[in-house]
Every structure is written in structure tokens, then in C-alpha cells.
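K.L.:
To be precise about what I am sending: the file is called query_10.pdb and holds PDB, C-alpha atoms.
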```
MODEL        1
ATOM      1  CA  MET E 158      12.648   6.928  15.846  1.00  0.00           C
ATOM      2  CA  LEU E 159       9.187   7.018  14.325  1.00  0.00           C
ATOM      3  CA  PHE E 160       8.144  10.231  12.543  1.00  0.00           C
ATOM      4  CA  GLU E 161       4.457   9.278  12.405  1.00  0.00           C
ATOM      5  CA  PRO E 162       4.006   6.059  14.382  1.00  0.00           C
ATOM      6  CA  ARG E 163       1.180   3.764  13.379  1.00  0.00           C
ATOM      7  CA  SER E 164       0.263   3.602  17.064  1.00  0.00           C
ATOM      8  CA  GLY E 165      -0.284   7.357  16.962  1.00  0.00           C
ATOM      9  CA  ARG E 166      -2.731   7.083  14.070  1.00  0.00           C
ATOM     10  CA  LEU E 167      -4.584   4.212  15.719  1.00  0.00           C
ATOM     11  CA  ALA E 168      -4.854   6.023  19.049  1.00  0.00           C
ATOM     12  CA  ALA E 169      -5.789   9.435  17.606  1.00  0.00           C
ATOM     13  CA  TRP E 170      -8.498   8.238  15.239  1.00  0.00           C
ATOM     14  CA  GLY E 171      -9.605   5.505  17.603  1.00  0.00           C
ATOM     15  CA  ASN E 172     -10.141   8.142  20.282  1.00  0.00           C
ATOM     16  CA  ALA E 173     -12.122  10.291  17.847  1.00  0.00           C
ATOM     17  CA  LEU E 174     -14.297   7.300  16.974  1.00  0.00           C
ATOM     18  CA  LEU E 175     -14.853   6.360  20.628  1.00  0.00           C
ATOM     19  CA  ALA E 176     -15.868   9.971  21.320  1.00  0.00           C
ATOM     20  CA  GLY E 177     -18.371   9.906  18.450  1.00  0.00           C
ATOM     21  CA  LEU E 178     -16.540  12.579  16.471  1.00  0.00           C
ATOM     22  CA  VAL E 179     -15.875  10.558  13.302  1.00  0.00           C
ATOM     23  CA  SER E 180     -17.489   7.640  11.509  1.00  0.00           C
ATOM     24  CA  PRO E 181     -15.969   4.135  11.561  1.00  0.00           C
ATOM     25  CA  ASP E 182     -15.104   4.406   7.858  1.00  0.00           C
ATOM     26  CA  GLU E 183     -13.325   7.724   8.345  1.00  0.00           C
ATOM     27  CA  ALA E 184     -11.394   6.405  11.339  1.00  0.00           C
ATOM     28  CA  VAL E 185     -10.271   3.225   9.574  1.00  0.00           C
ATOM     29  CA  LEU E 186      -9.242   5.087   6.401  1.00  0.00           C
ATOM     30  CA  SER E 187      -7.100   7.490   8.449  1.00  0.00           C
ATOM     31  CA  ILE E 188      -5.535   4.727  10.551  1.00  0.00           C
ATOM     32  CA  VAL E 189      -4.567   2.605   7.550  1.00  0.00           C
ATOM     33  CA  GLY E 190      -3.114   5.595   5.682  1.00  0.00           C
ATOM     34  CA  GLU E 191      -0.828   4.422   2.890  1.00  0.00           C
ATOM     35  CA  ASP E 192      -0.700   0.823   4.122  1.00  0.00           C
ATOM     36  CA  ALA E 193      -2.615  -1.855   2.232  1.00  0.00           C
ATOM     37  CA  VAL E 194      -4.493  -3.424   5.112  1.00  0.00           C
ATOM     38  CA  HIS E 195      -4.627  -3.574   8.922  1.00  0.00           C
ATOM     39  CA  ARG E 196      -5.899  -6.595  10.849  1.00  0.00           C
ATOM     40  CA  VAL E 197      -6.303  -7.211  14.588  1.00  0.00           C
ATOM     41  CA  GLU E 198      -5.438 -10.584  16.109  1.00  0.00           C
ATOM     42  CA  GLY E 199      -6.080 -11.899  19.618  1.00  0.00           C
ATOM     43  CA  LEU E 200      -9.231  -9.938  20.443  1.00  0.00           C
ATOM     44  CA  PRO E 201     -11.256 -11.529  23.245  1.00  0.00           C
ATOM     45  CA  GLY E 202     -14.153 -13.429  21.707  1.00  0.00           C
ATOM     46  CA  GLU E 203     -12.524 -13.773  18.270  1.00  0.00           C
ATOM     47  CA  THR E 204     -10.827 -16.915  16.999  1.00  0.00           C
ATOM     48  CA  GLY E 205      -8.745 -15.231  14.294  1.00  0.00           C
ATOM     49  CA  PRO E 206      -7.728 -11.904  12.788  1.00  0.00           C
ATOM     50  CA  VAL E 207     -10.485  -9.347  12.167  1.00  0.00           C
ATOM     51  CA  GLY E 208     -10.710  -6.009  10.379  1.00  0.00           C
ATOM     52  CA  LEU E 209     -10.221  -2.673  12.077  1.00  0.00           C
ATOM     53  CA  THR E 210     -13.885  -1.707  11.949  1.00  0.00           C
ATOM     54  CA  LEU E 211     -14.976  -4.820  13.816  1.00  0.00           C
ATOM     55  CA  ALA E 212     -12.002  -4.582  16.192  1.00  0.00           C
ATOM     56  CA  LEU E 213     -12.723  -0.999  17.214  1.00  0.00           C
ATOM     57  CA  GLY E 214     -16.360  -1.854  17.794  1.00  0.00           C
ATOM     58  CA  ARG E 215     -15.383  -4.871  19.886  1.00  0.00           C
ATOM     59  CA  LEU E 216     -12.988  -2.785  21.977  1.00  0.00           C
ATOM     60  CA  ARG E 217     -15.796  -0.325  22.719  1.00  0.00           C
ATOM     61  CA  ALA E 218     -18.052  -3.249  23.734  1.00  0.00           C
ATOM     62  CA  LEU E 219     -15.299  -4.488  26.059  1.00  0.00           C
ATOM     63  CA  GLY E 220     -15.382  -1.170  27.907  1.00  0.00           C
ATOM     64  CA  VAL E 221     -12.534   0.666  26.183  1.00  0.00           C
ATOM     65  CA  SER E 222     -13.085   4.418  26.512  1.00  0.00           C
ATOM     66  CA  GLY E 223      -9.770   5.667  25.129  1.00  0.00           C
ATOM     67  CA  LEU E 224      -6.420   4.701  23.634  1.00  0.00           C
ATOM     68  CA  ARG E 225      -2.943   5.759  24.733  1.00  0.00           C
ATOM     69  CA  VAL E 226       0.358   5.555  22.840  1.00  0.00           C
ATOM     70  CA  ALA E 227       3.622   4.045  24.070  1.00  0.00           C
ATOM     71  CA  LEU E 228       6.933   4.678  22.262  1.00  0.00           C
ATOM     72  CA  PRO E 229       9.504   2.695  24.251  1.00  0.00           C
ATOM     73  CA  ALA E 230      13.226   2.511  23.572  1.00  0.00           C
ATOM     74  CA  PRO E 231      15.980   0.495  25.288  1.00  0.00           C
ATOM     75  CA  GLY E 232      16.241   1.762  28.864  1.00  0.00           C
ATOM     76  CA  HIS E 233      13.170   3.986  28.461  1.00  0.00           C
ATOM     77  CA  PRO E 234       9.778   2.201  28.786  1.00  0.00           C
ATOM     78  CA  LEU E 235       7.903   5.320  27.704  1.00  0.00           C
ATOM     79  CA  GLY E 236       4.143   4.876  28.049  1.00  0.00           C
ATOM     80  CA  LEU E 237       4.303   1.259  29.253  1.00  0.00           C
ATOM     81  CA  SER E 238       2.970  -0.223  32.476  1.00  0.00           C
ATOM     82  CA  GLY E 239       3.688  -3.949  32.087  1.00  0.00           C
ATOM     83  CA  PRO E 240       3.597  -6.858  32.300  1.00  0.00           C
ATOM     84  CA  PRO E 241       7.092  -7.798  31.051  1.00  0.00           C
ATOM     85  CA  GLU E 242       5.731  -9.863  28.139  1.00  0.00           C
ATOM     86  CA  PHE E 243       3.823  -6.904  26.715  1.00  0.00           C
ATOM     87  CA  ASN E 244       6.687  -4.501  27.377  1.00  0.00           C
ATOM     88  CA  ALA E 245       9.096  -6.791  25.498  1.00  0.00           C
ATOM     89  CA  ARG E 246       6.821  -6.982  22.441  1.00  0.00           C
ATOM     90  CA  ALA E 247       6.272  -3.222  22.494  1.00  0.00           C
ATOM     91  CA  LEU E 248      10.002  -2.562  22.807  1.00  0.00           C
ATOM     92  CA  GLU E 249      10.714  -4.828  19.850  1.00  0.00           C
ATOM     93  CA  ALA E 250       8.157  -2.939  17.743  1.00  0.00           C
ATOM     94  CA  GLU E 251       9.228   0.424  19.248  1.00  0.00           C
ATOM     95  CA  GLU E 252       5.556   1.321  19.711  1.00  0.00           C
ATOM     96  CA  ALA E 253       2.253   0.129  21.113  1.00  0.00           C
ATOM     97  CA  VAL E 254      -1.271   1.241  21.987  1.00  0.00           C
ATOM     98  CA  VAL E 255      -2.679   0.758  25.494  1.00  0.00           C
ATOM     99  CA  ALA E 256      -6.444   0.700  26.044  1.00  0.00           C
ATOM    100  CA  VAL E 257      -8.167   2.712  28.759  1.00  0.00           C
ATOM    101  CA  GLY E 258     -11.049   0.886  30.444  1.00  0.00           C
ATOM    102  CA  ALA E 259      -9.869  -2.643  29.627  1.00  0.00           C
ATOM    103  CA  ALA E 260      -6.553  -4.325  30.433  1.00  0.00           C
ATOM    104  CA  LEU E 261      -5.525  -4.710  26.794  1.00  0.00           C
ATOM    105  CA  GLY E 262      -2.723  -3.461  24.603  1.00  0.00           C
ATOM    106  CA  LEU E 263      -2.023  -3.647  20.872  1.00  0.00           C
ATOM    107  CA  VAL E 264       1.402  -4.102  19.281  1.00  0.00           C
ATOM    108  CA  PRO E 265       1.861  -3.777  15.496  1.00  0.00           C
ATOM    109  CA  GLU E 266       3.655  -6.303  13.318  1.00  0.00           C
ATOM    110  CA  VAL E 267       4.490  -4.861   9.891  1.00  0.00           C
ATOM    111  CA  SER E 268       4.989  -7.029   6.792  1.00  0.00           C
ATOM    112  CA  GLU E 269       6.132  -5.839   3.369  1.00  0.00           C
ATOM    113  CA  ALA E 270       6.008  -7.633   0.032  1.00  0.00           C
ATOM    114  CA  GLY E 271       7.014  -6.446  -3.403  1.00  0.00           C
ATOM    115  CA  PRO E 272       9.717  -4.165  -4.821  1.00  0.00           C
ATOM    116  CA  ALA E 273      11.021  -1.101  -3.022  1.00  0.00           C
ATOM    117  CA  GLY E 274       8.851   1.917  -3.709  1.00  0.00           C
ATOM    118  CA  ASP E 275       5.873  -0.256  -4.588  1.00  0.00           C
ATOM    119  CA  ALA E 276       5.674  -2.534  -1.572  1.00  0.00           C
ATOM    120  CA  HIS E 277       2.437  -4.012  -0.275  1.00  0.00           C
ATOM    121  CA  VAL E 278       2.414  -3.178   3.448  1.00  0.00           C
ATOM    122  CA  SER E 279       0.165  -5.087   5.811  1.00  0.00           C
ATOM    123  CA  VAL E 280      -0.090  -4.557   9.551  1.00  0.00           C
ATOM    124  CA  THR E 281      -1.279  -7.029  12.161  1.00  0.00           C
ATOM    125  CA  TRP E 282      -2.109  -5.610  15.572  1.00  0.00           C
ATOM    126  CA  HIS E 283      -1.548  -8.244  18.268  1.00  0.00           C
ATOM    127  CA  VAL E 284      -3.825  -7.825  21.297  1.00  0.00           C
ATOM    128  CA  LEU E 285      -2.150  -8.713  24.594  1.00  0.00           C
ATOM    129  CA  PRO E 286      -3.012  -8.316  28.284  1.00  0.00           C
ATOM    130  CA  VAL E 287      -1.543  -5.271  30.045  1.00  0.00           C
ATOM    131  CA  ARG E 288      -1.232  -4.182  33.646  1.00  0.00           C
ATOM    132  CA  GLU E 289      -3.641  -1.432  34.657  1.00  0.00           C
ATOM    133  CA  ALA E 290      -1.253   1.156  36.088  1.00  0.00           C
ATOM    134  CA  PRO E 291      -0.078   4.695  35.254  1.00  0.00           C
ATOM    135  CA  PRO E 292       2.077   4.751  32.084  1.00  0.00           C
ATOM    136  CA  ALA E 293       5.798   5.346  32.542  1.00  0.00           C
ATOM    137  CA  ASP E 294       7.369   8.786  32.098  1.00  0.00           C
ATOM    138  CA  VAL E 295       4.609  10.533  30.120  1.00  0.00           C
ATOM    139  CA  PRO E 296       4.745  14.339  30.546  1.00  0.00           C
ATOM    140  CA  SER E 297       1.893  16.796  30.393  1.00  0.00           C
ATOM    141  CA  LEU E 298       1.457  18.863  27.242  1.00  0.00           C
ATOM    142  CA  SER E 299       2.831  21.962  28.958  1.00  0.00           C
ATOM    143  CA  GLU E 300       5.898  20.066  30.180  1.00  0.00           C
ATOM    144  CA  ALA E 301       6.451  18.575  26.737  1.00  0.00           C
ATOM    145  CA  GLU E 302       6.218  21.974  25.052  1.00  0.00           C
ATOM    146  CA  ARG E 303       8.804  23.487  27.402  1.00  0.00           C
ATOM    147  CA  GLU E 304      11.145  20.537  26.936  1.00  0.00           C
ATOM    148  CA  LEU E 305      10.795  20.718  23.154  1.00  0.00           C
ATOM    149  CA  ALA E 306      11.706  24.392  22.943  1.00  0.00           C
ATOM    150  CA  GLU E 307      14.932  23.659  24.803  1.00  0.00           C
ATOM    151  CA  ALA E 308      15.573  20.476  22.781  1.00  0.00           C
ATOM    152  CA  LEU E 309      15.224  22.359  19.492  1.00  0.00           C
ATOM    153  CA  ARG E 310      17.900  24.832  20.557  1.00  0.00           C
ATOM    154  CA  GLU E 311      20.087  22.008  21.813  1.00  0.00           C
ATOM    155  CA  ALA E 312      19.725  19.992  18.611  1.00  0.00           C
ATOM    156  CA  THR E 313      20.699  22.992  16.500  1.00  0.00           C
ATOM    157  CA  GLU E 314      23.756  23.641  18.661  1.00  0.00           C
ATOM    158  CA  VAL E 315      24.791  19.985  18.611  1.00  0.00           C
ATOM    159  CA  LEU E 316      24.519  19.677  14.828  1.00  0.00           C
ATOM    160  CA  THR E 317      26.492  22.867  14.350  1.00  0.00           C
ATOM    161  CA  ARG E 318      29.172  21.849  16.842  1.00  0.00           C
ATOM    162  CA  LEU E 319      29.581  18.397  15.303  1.00  0.00           C
ATOM    163  CA  ASP E 320      29.585  19.842  11.774  1.00  0.00           C
ATOM    164  CA  VAL E 321      26.603  17.819  10.629  1.00  0.00           C
ATOM    165  CA  ALA E 322      25.557  19.285   7.311  1.00  0.00           C
ATOM    166  CA  GLY E 323      21.862  20.000   6.942  1.00  0.00           C
ATOM    167  CA  SER E 324      22.079  19.841   3.185  1.00  0.00           C
ATOM    168  CA  GLY E 325      22.555  17.295   0.465  1.00  0.00           C
ATOM    169  CA  PRO E 326      20.026  15.222  -1.494  1.00  0.00           C
ATOM    170  CA  VAL E 327      18.756  13.169   1.464  1.00  0.00           C
ATOM    171  CA  ALA E 328      18.307  16.155   3.747  1.00  0.00           C
ATOM    172  CA  GLU E 329      16.729  18.296   1.068  1.00  0.00           C
ATOM    173  CA  ALA E 330      14.261  15.559   0.103  1.00  0.00           C
ATOM    174  CA  ALA E 331      13.235  15.067   3.730  1.00  0.00           C
ATOM    175  CA  LEU E 332      12.815  18.784   4.328  1.00  0.00           C
ATOM    176  CA  SER E 333      10.841  19.226   1.099  1.00  0.00           C
ATOM    177  CA  ALA E 334       8.500  16.393   2.055  1.00  0.00           C
ATOM    178  CA  TYR E 335       8.004  17.905   5.498  1.00  0.00           C
ATOM    179  CA  ARG E 336       7.211  21.355   4.061  1.00  0.00           C
ATOM    180  CA  ALA E 337       4.839  19.908   1.445  1.00  0.00           C
ATOM    181  CA  ARG E 338       2.977  18.017   4.100  1.00  0.00           C
ATOM    182  CA  ALA E 339       2.629  21.112   6.266  1.00  0.00           C
ATOM    183  CA  GLU E 340       1.530  23.288   3.343  1.00  0.00           C
ATOM    184  CA  ALA E 341      -1.056  20.704   2.281  1.00  0.00           C
ATOM    185  CA  GLY E 342      -2.705  21.194   5.647  1.00  0.00           C
ATOM    186  CA  ARG E 343      -2.783  17.491   6.410  1.00  0.00           C
ATOM    187  CA  GLU E 344      -4.632  16.922   9.649  1.00  0.00           C
ATOM    188  CA  ALA E 345      -1.942  16.174  12.228  1.00  0.00           C
ATOM    189  CA  LEU E 346      -4.375  14.830  14.801  1.00  0.00           C
ATOM    190  CA  ALA E 347      -7.950  13.626  14.741  1.00  0.00           C
ATOM    191  CA  PRO E 348     -10.944  15.728  15.834  1.00  0.00           C
ATOM    192  CA  GLY E 349     -11.217  16.174  19.585  1.00  0.00           C
ATOM    193  CA  TYR E 350      -7.586  17.090  20.228  1.00  0.00           C
ATOM    194  CA  PRO E 351      -6.735  20.494  21.737  1.00  0.00           C
ATOM    195  CA  PRO E 352      -4.805  23.011  19.594  1.00  0.00           C
ATOM    196  CA  ARG E 353      -1.850  22.764  21.971  1.00  0.00           C
ATOM    197  CA  ALA E 354      -1.534  19.052  21.194  1.00  0.00           C
ATOM    198  CA  VAL E 355      -1.357  19.811  17.464  1.00  0.00           C
ATOM    199  CA  ARG E 356       1.349  22.407  18.147  1.00  0.00           C
ATOM    200  CA  VAL E 357       3.356  20.051  20.363  1.00  0.00           C
ATOM    201  CA  LEU E 358       3.080  17.228  17.818  1.00  0.00           C
ATOM    202  CA  ALA E 359       4.311  19.443  14.975  1.00  0.00           C
ATOM    203  CA  LEU E 360       7.278  20.666  17.019  1.00  0.00           C
ATOM    204  CA  ALA E 361       8.120  17.121  18.134  1.00  0.00           C
ATOM    205  CA  GLN E 362       8.087  15.980  14.501  1.00  0.00           C
ATOM    206  CA  ARG E 363      10.386  18.854  13.570  1.00  0.00           C
ATOM    207  CA  VAL E 364      12.870  17.908  16.306  1.00  0.00           C
ATOM    208  CA  ASP E 365      12.572  14.258  15.276  1.00  0.00           C
ATOM    209  CA  LEU E 366      13.328  15.182  11.666  1.00  0.00           C
ATOM    210  CA  MET E 367      16.475  17.045  12.705  1.00  0.00           C
ATOM    211  CA  VAL E 368      17.693  14.066  14.715  1.00  0.00           C
ATOM    212  CA  SER E 369      16.923  11.653  11.872  1.00  0.00           C
ATOM    213  CA  LEU E 370      18.826  13.808   9.392  1.00  0.00           C
ATOM    214  CA  ALA E 371      21.783  13.922  11.753  1.00  0.00           C
ATOM    215  CA  TYR E 372      21.928  10.138  11.795  1.00  0.00           C
ATOM    216  CA  GLU E 373      21.152   9.542   8.112  1.00  0.00           C
ATOM    217  CA  ASN E 374      22.876  12.403   6.286  1.00  0.00           C
ATOM    218  CA  GLY E 375      26.395  11.043   6.229  1.00  0.00           C
ATOM    219  CA  HIS E 376      29.047  11.671   8.844  1.00  0.00           C
ATOM    220  CA  GLY E 377      29.538  15.409   8.306  1.00  0.00           C
ATOM    221  CA  GLY E 378      32.708  16.428  10.093  1.00  0.00           C
ATOM    222  CA  ALA E 379      32.403  13.621  12.648  1.00  0.00           C
ATOM    223  CA  VAL E 380      34.664  11.248  10.757  1.00  0.00           C
ATOM    224  CA  ALA E 381      36.357   9.569  13.718  1.00  0.00           C
ATOM    225  CA  ALA E 382      34.611   6.798  15.617  1.00  0.00           C
ATOM    226  CA  SER E 383      34.919   8.828  18.804  1.00  0.00           C
ATOM    227  CA  GLU E 384      33.246  11.817  17.153  1.00  0.00           C
ATOM    228  CA  MET E 385      30.423   9.645  15.789  1.00  0.00           C
ATOM    229  CA  ALA E 386      29.877   8.278  19.288  1.00  0.00           C
ATOM    230  CA  ALA E 387      29.853  11.824  20.642  1.00  0.00           C
ATOM    231  CA  ARG E 388      27.156  12.756  18.117  1.00  0.00           C
ATOM    232  CA  ALA E 389      24.962   9.840  19.198  1.00  0.00           C
ATOM    233  CA  GLU E 390      25.508  10.645  22.866  1.00  0.00           C
ATOM    234  CA  ALA E 391      24.661  14.314  22.365  1.00  0.00           C
ATOM    235  CA  LEU E 392      21.507  13.612  20.341  1.00  0.00           C
ATOM    236  CA  ARG E 393      20.137  10.844  22.584  1.00  0.00           C
ATOM    237  CA  PRO E 394      18.508  13.180  25.126  1.00  0.00           C
ATOM    238  CA  VAL E 395      17.041  15.301  22.309  1.00  0.00           C
ATOM    239  CA  GLU E 396      15.506  12.204  20.736  1.00  0.00           C
ATOM    240  CA  ARG E 397      14.126  11.178  24.133  1.00  0.00           C
ATOM    241  CA  VAL E 398      12.421  14.561  24.567  1.00  0.00           C
ATOM    242  CA  ALA E 399      10.842  14.304  21.108  1.00  0.00           C
ATOM    243  CA  ARG E 400       9.463  10.848  21.857  1.00  0.00           C
ATOM    244  CA  ARG E 401       8.040  12.027  25.196  1.00  0.00           C
ATOM    245  CA  ALA E 402       6.347  14.936  23.427  1.00  0.00           C
ATOM    246  CA  LEU E 403       4.848  12.701  20.749  1.00  0.00           C
ATOM    247  CA  VAL E 404       3.312  10.485  23.427  1.00  0.00           C
ATOM    248  CA  ALA E 405       2.013  13.510  25.355  1.00  0.00           C
ATOM    249  CA  ALA E 406       0.358  14.882  22.217  1.00  0.00           C
ATOM    250  CA  TYR E 407      -1.293  11.620  21.167  1.00  0.00           C
ATOM    251  CA  ASN E 408      -2.465  10.894  24.721  1.00  0.00           C
ATOM    252  CA  SER E 409      -3.801  14.382  25.422  1.00  0.00           C
ATOM    253  CA  ALA E 410      -7.371  13.623  24.314  1.00  0.00           C
ATOM    254  CA  VAL E 411      -7.627  10.828  26.887  1.00  0.00           C
ATOM    255  CA  GLU E 412      -5.984  12.961  29.563  1.00  0.00           C
ATOM    256  CA  ALA E 413      -8.415  15.826  28.890  1.00  0.00           C
ATOM    257  CA  ARG E 414     -11.435  13.534  29.153  1.00  0.00           C
ATOM    258  CA  GLU E 415     -10.161  12.031  32.407  1.00  0.00           C
ATOM    259  CA  ARG E 416      -9.773  15.523  33.875  1.00  0.00           C
ATOM    260  CA  GLY E 417     -13.383  16.225  32.900  1.00  0.00           C
TER     261      GLY E 417
ENDMDL
END
```
Could you render the structure from this file as C-alpha cells?

P.N.:
Amino acid sequence: MLFEPRSGRLAAWGNALLAGLVSPDEAVLSIVGEDAVHRVEGLPGETGPVGLTLALGRLRALGVSGLRVALPAPGHPLGLSGPPEFNARALEAEEAVVAVGAALGLVPEVSEAGPAGDAHVSVTWHVLPVREAPPADVPSLSEAERELAEALREATEVLTRLDVAGSGPVAEAALSAYRARAEAGREALAPGYPPRAVRVLALAQRVDLMVSLAYENGHGGAVAASEMAARAEALRPVERVARRALVAAYNSAVEARERG
């Protein structure tokens, strides 16, 4: 699962730009993050890839008033509304952005070149037609917050029951990075998002981190194949809740504007 999906950055800062809360340069810098470059391909009226600044301006001219996030997984088309071609591309990428006000969606394609730890990462956002319909299975912020509180308890119980150690070099490095990020006060969402969305996003990321550590930090006491399968089965609903909450948080600015 994605700890900070690129679709989340594009939607959050794109929404802030569309609302007039940030400058184009600030939005693009925040969307690109640590990547080298982002390009957008397939925009109506363009014959080839264009930069993010031009692309965001063109989307506004096409009538786009907001951006929503989709984080689909096999059997769970979270945030998608079709058609099948777009859903398949989004599922392959495990994320997508869906425009509000124009029947368009954007799916990222990530390319890396160079040695590990010093890779040059470029992202191409492919613009595709989407079906204008309510997105699948997206909860409200209040629903997501309630689900997350329960999921956090459940994840803790599952990891304890399955004897998944929360220590070791990998776990400690991940936890240290998470704490450093929080202490640095890095802006979790762009301007224009309600405080509850920031809270839900932070909690979803915490649950996501616990699930990721459970999968990546060795086998713990679950040494048998049956026990490893039991771990995956027990954590699947927790992971699903975290993804639903991430989508609810990123989409909350659009939902708030639509409610007036």
C-alpha cells in the first residue's frame, strides 16, 4: 500500500491551486516532491507531454473544479467510477486522480534510472476518459475516523497475536523516519483542507505503517505457511480501512466545496 501516494499530492495541491490558495509554482513544487520531473500526457488539445504547470492550467480551462483520489486494489475499486479501461490502468498503478467538472482521470507511470539510493525518478501522468458517476466506496471523514480507531486497535491485537515483532533495523528505521517527519511539521495536506482531514490522514498513515511493517519485518513467529496466510488474512481488512481513510482525507476538500 502507498504511504504517501503521488495521486494524493497531485489532488491536494491541485485542489489548493484551483481554489486560489497557492501559486502554480508552489503547487508544482509540492506535487513533484523528491521526484525529478512530472509530465502529463494525453491532455485534450495537446499533441504530446506537457509540464505540470501548463497541465493544471489546461485542466482548469476545461472546467475542472476539483480533483479526487482513487486507491484501488484487487476486488476493491476504491474511488473509481469507470469505464473498465480506466479502472484497469488505475488498478495496475494502484492509484489515480479523477477530475471533478470534466470526464477525465490521470494515472501515474513511474520510471526510475540510476543506482539505488540515487535514482532519477520521473512520472508521466496519463490522461484518460472517465465515467461521470459517484466514486466507489468512499466514506465520509467521520466514518473514516471511526473505522480507523477500531482498525488501530485491531492491528495492534493482530500483530501481538501473530507474534510480529515491531522491532529490528527495518522497523526502527521506518518508525524513526515517521517520527522525524511528524516532528519537522511537514504539511500533511495543502491549504484549504479541514483539520479533521489532517487528523484522519495522519492516523491512516500510522495504521498503514503498522501494516507495512507487519509484511516487511520478517516472519516473526508466523513461520508456517498457514500462519503467514493467517497474518495476511487478518491484516487485509485493516489495510482496506486505511486506504478508505486516505481517500476520504484527500477528497474532503472537494466534498466540502460541493456541500457549500

K.L.:
For Gly202 in chain E, which of E:Ala276, E:Ala402, E:Ala250, E:Leu216 is the closest residue, counting all atoms listed in the file?

P.N.:
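Closest to Gly202 in chain E of all the choices is E:Leu216.
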
K.L.:
Please identify all polymer residues lying at most 12 Å from the point (6.4, 21.0, 27.1) (file coordinates), using all atoms listed in the file, and present the result as JSON, numbers by chain.

P.N.:
{"E": [295, 296, 297, 298, 299, 300, 301, 302, 303, 304, 305, 306, 307, 308, 309, 353, 354, 356, 357, 358, 360, 361, 398, 399, 400, 401, 402, 403, 404, 405, 406]}

K.L.:
Give me the result of the PyMOL selection byres ((chain E and resi 260) around 10) on this file, residue by residue, as a list in words.

P.N.:
Leu219, Gly220, Val221, Val255, Ala256, Val257, Gly258, Ala259, Leu261, Gly262, Leu285, Pro286, Val287, Arg288, Glu289 and Ala290 of chain E

K.L.:
What residues come out when you apply the PyMOL selection byres ((chain E and resi 269) around 12) to this file, written as a ChimeraX atom specification?

P.N.:
/E:192-194,266-268,270-281

K.L.:
Residues as selected, C-alpha atoms, written as a short mmCIF file (atom, residue, chain, number, x, y, z; two decimals), in the coordinates of the input, can you do that?

P.N.:
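What landed in part-v1.cif:
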```cif
data_model
loop_
_atom_site.label_atom_id
_atom_site.label_comp_id
_atom_site.auth_asym_id
_atom_site.auth_seq_id
_atom_site.Cartn_x
_atom_site.Cartn_y
_atom_site.Cartn_z
CA ASP E 192 -0.70 0.82 4.12
CA ALA E 193 -2.62 -1.86 2.23
CA VAL E 194 -4.49 -3.42 5.11
CA GLU E 266 3.66 -6.30 13.32
CA VAL E 267 4.49 -4.86 9.89
CA SER E 268 4.99 -7.03 6.79
CA ALA E 270 6.01 -7.63 0.03
CA GLY E 271 7.01 -6.45 -3.40
CA PRO E 272 9.72 -4.16 -4.82
CA ALA E 273 11.02 -1.10 -3.02
CA GLY E 274 8.85 1.92 -3.71
CA ASP E 275 5.87 -0.26 -4.59
CA ALA E 276 5.67 -2.53 -1.57
CA HIS E 277 2.44 -4.01 -0.28
CA VAL E 278 2.41 -3.18 3.45
CA SER E 279 0.16 -5.09 5.81
CA VAL E 280 -0.09 -4.56 9.55
CA THR E 281 -1.28 -7.03 12.16
#
```

K.L.:
Could you tell me which of E:Arg397, E:Arg310, E:Arg363, E:Arg225 comes closest to Ala410 in chain E if we count only C-alpha atoms?

P.N.:
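Of E:Arg397, E:Arg310, E:Arg363, E:Arg225, the one nearest Ala410 in chain E, counting only C-alpha atoms, is E:Arg225.
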
K.L.:
CA of Leu235 in chain E to CA of Ala293 in chain E: how many Å, to one decimal?

P.N.:
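About the pair CA of Leu235 in chain E and CA of Ala293 in chain E: they are 5.3 Å apart.
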
K.L.:
Starting from the PyMOL selection byres ((chain E and resi 244) around 10), expand the selection into actual residues of this file and give them as an MDAnalysis selection string.

P.N.:
chainID E and resid 227 229 234:243 245:253 262 264 287

K.L.:
Let me have the centre and edge lengths in Å, one decimal, of the box along x, y and z around every listed atom of range 259-269 of chain E with 4 Å of margin on each side, as lines of an AutoDock Vina configuration file.

P.N.:
```
center_x = -1.9
center_y = -4.8
center_z = 16.9
size_x = 24.0
size_y = 12.4
size_z = 35.1
```

K.L.:
From the list E:Pro291, E:Val284, E:Leu263, E:Glu161, which residue is nearest Glu191 in chain E when using only C-alpha atoms?

P.N.:
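Smallest distance to Glu191 in chain E is found for E:Glu161.
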
K.L.:
So, with only C-alpha atoms as the atoms that count, which of E:Trp282, E:Ala218, E:Ile188, E:Val226 lies closest to Gly205 in chain E?

P.N.:
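Closest to Gly205 in chain E of all the choices is E:Trp282.
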
K.L.:
Separation of CA of Pro352 in chain E and CA of Val368 in chain E, in Å?

P.N.:
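Value for the CA of Pro352 in chain E-CA of Val368 in chain E distance: 24.7 Å.
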
K.L.:
Could you state the separation of CA of Val179 in chain E and CA of Leu366 in chain E in Å, given to one decimal place?

P.N.:
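Interatomic distance, CA of Val179 in chain E to CA of Leu366 in chain E: 29.6 Å.
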
K.L.:
Between E:Pro292, E:Arg166, E:Gly177, E:Val364, single out the one closest to Gly214 in chain E, counting all atoms listed in the file.

P.N.:
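The closest residue to Gly214 in chain E is E:Gly177.
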
K.L.:
E:Tyr407, E:Ala359, E:His283, E:Pro181: which is nearest Pro206 in chain E, counting all atoms listed in the file?

P.N.:
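Of the candidates, the smallest distance to Pro206 in chain E is held by E:His283.
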
K.L.:
In the coordinate frame of the file, compute which residues have an atom within 12 Å of (-14.9, -2.0, 15.9) when using only C-alpha atoms, and state them as a ChimeraX atom specification.

P.N.:
/E:171,174-175,180-182,184-185,196-197,200,207-219,221
